[in-house]
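To start, the structure itself, in C-alpha cells.
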There are 2 protein chains.
Amino acid sequence: MADIKSPANPLFLREDELRQGIEMLFFAYRDFTAKADQTLAQFGFGRAHHRVIYFVGRNPGMTVSELLGILHITKQSLSRVLSQLVHQGFITQQPGSTDRRQRLLSLTDKGAELERKLTEEQRALIARAYRSAGADAVEGFRKVLLGMIEEGDRRRFRPSLPR
Amino acid sequence: MADIKSPANPLFLREDELRQGIEMLFFAYRDFTAKADQTLAQFGFGRAHHRVIYFVGRNPGMTVSELLGILHITKQSLSRVLSQLVHQGFITQQPGSTDRRQRLLSLTDKGAELERKLTEEQRALIARAYRSAGADAVEGFRKVLLGMIEEGDRRRFRPSLPR
DNA sequence: ATTTTATGTCAGCCATATTGACTTATTTGT
DNA sequence: ACAAATAAGTCAATATGGCTGACATAAAAT
C-alpha cells in the first residue's frame, strides 16, 4: 500500500500517462479551433457553422440525416445554423432523386471558398505537427485516435469502403 | 499538372491525410467529452465546470490567473462557474501566503470525488485506445499532439520542469 | 390506407462564451 | 510615502449553440 507515487509503480505511471493524454487532447483541441474561430467571427459565424461547412464540403450531396448523425446534435440545433448558411448562399439544397423528401446538401462556390479559408488554417497546424513528429508518429497518432472513436464511425477512416 | 489524384502524387496524399487528421480529431473529441457531459448534467453542471474541477485537481493551490491562462477564457466567464463550485462546496479558496490578493484554489473532498468520477470515464476511454494501439503508437500520438499545442503550453508535457 | 420517415419550424430554456466598466485589496516601483 | 500595477471580483448586456416539446408536411414503405 506504500509507495503509491513511486515511479517504480506501473499503476502510477499509467495514471499519469493517461492524465497527460487527457490534457494534451484538451490543449491541442483548444489551439486547433482557436484560429478558425477568429476567421468565423469575421463572418458572424461560430464553430457550428464551420462543422456544417466542413462536412458538407467533404460529402457533397449528403442528406440532413447523415449530417445530424455525424454532428450528434438535434435537428433543431442544426436547423438554425444550416438555414443561415443556405439563406446567405454558402450551401445549396436540392431534393433527392430517389427519395424526394431529402434535401441534398452541397457547398456553393462561395461556400467552398469559405471552407478552404477555414480549413487551410487547421490543415497548416496539423501539417506542421505531422512534419515535426514524423511519419511513424503520425501512424501512431491515427491509431490512438481511431481507438477513441465510437465504433460506428471508425469505418470512415479505414481504407476504401468510404460510405 | 495531370494526374492530380494519383497516389503517386505526394501532394494529394498529404491533403487527404491532413483532412483525415482533422476529422479524426473532431470525432475523437466528440466522443471523448460525451460521457462526462452526461454525468455533469446530473449535477446541473456543464463542461466548463469539468475543466475547472479537472485543472484545480491537477494543480492544487493554483491561482485564478493560472487557471484563466490555461482555459483561455475571460475572468467573467470563469467567475460564474467558479463561484458555483465554491458555493456548492466543490472548491475552496484561501488567500496566498506571500501574495494575499491571490485566492488559491483547491478541491474539497467532495470536489475530489466528483473529479474522480468524471475523469474516470475519460481515463478509461483513453486507456482502451492506448491499449489497443500499443506503446509505440502512444508515443507518436503524444508527439503529434505536442506539436499542435501552442509553444508556451508545451512545457507542461516535457519531463520534469513541472511549472 | 395507414404508418413511418425525412425534414422543417415555432417557442422557450440553459450553458457558456464575449465586451466594457468599475471596485477592492494588495503589492511593487519610484 | 505615494503612485501605479496587479489579482480578483462584480454588474450589465449580448451572442452562440446546445436542449426539449410540440406540431406540420410530404413522401416512402408496409
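Here's how to read the names in the C-alpha cells: chain A, B, ... by the order shown, residue numbers from 1 in each chain, ligand numbers from 1 in the order shown.
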
Self-check item: Those in range 9-89 of chain B with helix (DSSP H, G or I) from DSSP, as JSON, numbers by chain
Solution: {"B": [10, 11, 12, 13, 14, 15, 16, 17, 18, 19, 20, 21, 22, 23, 24, 25, 26, 27, 28, 29, 30, 31, 32, 33, 34, 35, 36, 37, 38, 39, 40, 41, 42, 47, 48, 49, 50, 51, 52, 53, 54, 55, 56, 57, 58, 64, 65, 66, 67, 68, 69, 70, 71, 75, 76, 77, 78, 79, 80, 81, 82, 83, 84, 85, 86, 87]}

Exercise. Select all residues from chain D having any atom no more than 12 Å from an atom of chain B (counting only C-alpha atoms (C1' of nucleotides), ignoring ligands), output as an NGL selection string.
Key: :D and (6-12 or 18-19)

Quiz item: Near chain B, which residues of chain A fall within 10 Å when you count only C-alpha atoms, and what do they look like as a VMD selection string?
Solution: chain A and resid 14 to 15 17 to 32 34 51 54 to 55 58 70 to 72 119 122 to 150 153 to 154 156 to 157

Quiz item: Within 8 Å of chain A, which residues of chain C show up when using only C-alpha atoms (C1' of nucleotides), listed as a list in words?
Solution: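 That gives DA6, DT7 and DG8 of chain C for chain C.
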
Please, could you write that set of residues out with N, CA and C atoms (P, O5', C5', C4', C3', O3' and C1' of nucleotides) as a compact mmCIF listing (two decimals), in the first residue's frame?
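Dumped to part30.txt:
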```
# COMPACT_ATOMS: atom_id res chain seq x y z
P DA C 6 -35.36 8.27 -42.47
O5' DA C 6 -35.69 9.70 -43.10
C5' DA C 6 -35.87 9.84 -44.50
C4' DA C 6 -35.94 11.32 -44.83
C3' DA C 6 -34.90 12.17 -44.09
O3' DA C 6 -34.31 13.05 -45.04
C1' DA C 6 -37.09 12.99 -43.63
P DT C 7 -33.23 14.09 -44.59
O5' DT C 7 -34.13 15.33 -44.19
C5' DT C 7 -34.95 15.93 -45.19
C4' DT C 7 -35.84 16.96 -44.58
C3' DT C 7 -35.14 18.04 -43.76
O3' DT C 7 -34.92 19.16 -44.60
C1' DT C 7 -37.30 17.44 -42.93
P DG C 8 -34.36 20.54 -43.98
O5' DG C 8 -35.64 21.25 -43.33
C5' DG C 8 -36.78 21.51 -44.15
C4' DG C 8 -37.84 22.19 -43.31
C3' DG C 8 -37.30 23.34 -42.45
O3' DG C 8 -38.05 24.51 -42.73
C1' DG C 8 -38.66 21.88 -41.17
```

Practice problem: Rounded to one decimal place, report the CA of Ser83 in chain A-CA of Val52 in chain A distance in Å. | Solution: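 Separation of CA of Ser83 in chain A and CA of Val52 in chain A: 10.9 Å.
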